[in-house]
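**Q** Input file: input24.pdb. Contents: PDB, C-alpha atoms.
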ATOM      1  CA  MET A  25      21.207  -3.591  -2.060
ATOM      2  CA  GLY A  26      19.008  -0.604  -1.399
ATOM      3  CA  TYR A  27      18.798   1.883   1.413
ATOM      4  CA  THR A  28      16.380   0.788   4.129
ATOM      5  CA  HIS A  29      14.967   2.184   7.363
ATOM      6  CA  TYR A  30      13.529  -0.234   9.894
ATOM      7  CA  PHE A  31      10.993   0.446  12.618
ATOM      8  CA  GLU A  32       9.055  -1.429  15.243
ATOM      9  CA  GLN A  33       5.368  -0.727  15.650
ATOM     10  CA  ILE A  34       4.741  -1.070  19.386
ATOM     11  CA  GLU A  35       0.940  -0.988  19.356
ATOM     12  CA  GLU A  36      -1.937  -0.683  16.920
ATOM     13  CA  PRO A  37      -3.295   2.814  16.446
ATOM     14  CA  THR A  38      -6.879   3.492  17.401
ATOM     15  CA  ASP A  39      -9.396   3.892  14.575
ATOM     16  CA  LYS A  40      -9.319   7.677  15.091
ATOM     17  CA  GLN A  41      -5.516   7.808  15.075
ATOM     18  CA  TRP A  42      -5.411   5.737  11.892
ATOM     19  CA  GLN A  43      -8.021   7.921  10.168
ATOM     20  CA  ASP A  44      -5.997  11.010  11.105
ATOM     21  CA  LEU A  45      -2.763   9.420   9.848
ATOM     22  CA  VAL A  46      -4.273   8.443   6.491
ATOM     23  CA  ALA A  47      -5.855  11.893   6.142
ATOM     24  CA  ASP A  48      -2.544  13.621   6.946
ATOM     25  CA  PHE A  49      -0.605  11.418   4.523
ATOM     26  CA  THR A  50      -3.158  12.042   1.765
ATOM     27  CA  ARG A  51      -3.186  15.781   2.456
ATOM     28  CA  LEU A  52       0.627  16.019   2.359
ATOM     29  CA  TYR A  53       0.909  13.972  -0.813
ATOM     30  CA  THR A  54      -1.841  15.980  -2.537
ATOM     31  CA  ALA A  55      -0.309  19.302  -1.458
ATOM     32  CA  SER A  56       3.080  18.238  -2.800
ATOM     33  CA  LEU A  57       1.578  17.782  -6.266
ATOM     34  CA  VAL A  58       0.791  21.515  -6.358
ATOM     35  CA  THR A  59       4.378  22.662  -5.771
ATOM     36  CA  THR A  60       7.146  20.106  -6.243
ATOM     37  CA  PRO A  61       5.810  16.583  -6.600
ATOM     38  CA  LEU A  62       7.236  14.074  -4.152
ATOM     39  CA  PRO A  63       9.301  11.464  -5.969
ATOM     40  CA  ILE A  64       7.169   8.593  -4.683
ATOM     41  CA  GLN A  65       4.751   6.100  -6.185
ATOM     42  CA  ARG A  66       2.984   2.869  -5.150
ATOM     43  CA  GLU A  67       5.962   0.483  -5.573
ATOM     44  CA  ALA A  68       9.428   0.803  -7.094
ATOM     45  CA  ASP A  69       8.249  -1.303 -10.035
ATOM     46  CA  MET A  70       4.596  -0.172 -10.012
ATOM     47  CA  SER A  71       3.703   3.349 -11.035
ATOM     48  CA  GLY A  72       0.632   5.032  -9.656
ATOM     49  CA  THR A  73      -0.223   6.976  -6.569
ATOM     50  CA  PRO A  74       0.836   5.808  -3.124
ATOM     51  CA  HIS A  75      -1.681   3.639  -1.290
ATOM     52  CA  ALA A  76      -3.373   4.830   1.923
ATOM     53  CA  ASP A  77      -6.585   3.271   3.221
ATOM     54  CA  GLU A  78      -8.111   1.596   6.285
ATOM     55  CA  GLN A  79      -5.603  -1.275   6.068
ATOM     56  CA  ALA A  80      -2.171   0.192   5.247
ATOM     57  CA  ILE A  81      -0.028   3.012   3.910
ATOM     58  CA  ILE A  82       2.290   1.892   1.107
ATOM     59  CA  PHE A  83       4.759   3.853  -1.024
ATOM     60  CA  ASN A  84       8.226   3.729  -2.545
ATOM     61  CA  GLY A  85      10.647   5.940  -4.425
ATOM     62  CA  ILE A  86      10.822   6.261  -8.188
ATOM     63  CA  GLY A  87      13.657   4.940 -10.357
ATOM     64  CA  GLU A  88      17.015   5.014  -8.594
ATOM     65  CA  ASP A  89      15.224   6.202  -5.435
ATOM     66  CA  GLY A  90      13.065   3.062  -5.312
ATOM     67  CA  HIS A  91      14.383   0.574  -2.771
ATOM     68  CA  GLU A  92      12.411  -1.211  -0.072
ATOM     69  CA  THR A  93       8.725  -0.333  -0.050
ATOM     70  CA  PHE A  94       7.468   1.564   2.991
ATOM     71  CA  TYR A  95       4.670  -0.629   4.295
ATOM     72  CA  PHE A  96       2.831   0.541   7.405
ATOM     73  CA  PRO A  97      -0.074  -1.748   8.263
ATOM     74  CA  LYS A  98      -2.746  -0.685  10.721
ATOM     75  CA  ARG A  99      -3.129  -4.052  12.417
ATOM     76  CA  ALA A 100       0.314  -5.602  12.549
ATOM     77  CA  PRO A 101       2.491  -4.437  15.439
ATOM     78  CA  GLY A 102       6.065  -5.594  15.160
ATOM     79  CA  PHE A 103       9.064  -5.238  12.898
ATOM     80  CA  ASN A 104       8.626  -3.413   9.582
ATOM     81  CA  PHE A 105      10.667  -1.444   7.072
TER      82      PHE A 105
END
Output the structure of this file as structure tokens.
**A**
Amino acid sequence: MGYTHYFEQIEEPTDKQWQDLVADFTRLYTASLVTTPLPIQREADMSGTPHADEQAIIFNGIGEDGHETFYFPKRAPGFNF
């Protein structure tokens, strides 16, 4: 069993808030590649860059740090992990 954080999304972000969130996530991930790369990828069993677009932000750890995928959808308030 992996290590998991849970959260509840109370309301959907506005289009502007979502664009800012995706831009910030992309900027932080890109900046980390210059210094010490973040140990994250798309899925625990799927290499590649994390996913961030108009629908969702998705990423997971690598190797032993890969547990439950962080999945943050734009249009799905409620329970997530």
**Q** I'd like the interatomic distance between CA of Pro74 in chain A and CA of Gly87 in chain A, to a tenth of an Å.
**A** 14.7 Å
**Q** I need the residue set behind the PyMOL selection byres ((chain A and resi 84) around 12) for this file; please write it as an MDAnalysis selection string.
**A** chainID A and resid 26:28 62:75 81:83 85:96 105
**Q** Give me the residues near Gln79 in chain A as number ranges by chain, where near means some atom within 9 Å (using all atoms listed in the file) and where sequence neighbours in that chain fewer than 3 positions away do not count.
**A** A: 76, 96-99
**Q** Which residues, named as in the file, does the PyMOL selection byres ((chain A and resi 45) around 12) pick out? Answer as an NGL selection string.
**A** :A and (37-44 or 46-52 or 76-81 or 96-98)
**Q** If I take CA of Thr60 in chain A and CA of His29 in chain A, how far is one from the other in Å, to one decimal?
**A**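 Those two atoms sit 23.8 Å apart.
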**Q** What is the distance, in Å and to one decimal place, between CA of Glu35 in chain A and CA of Gly102 in chain A?
**A** 8.1 Å
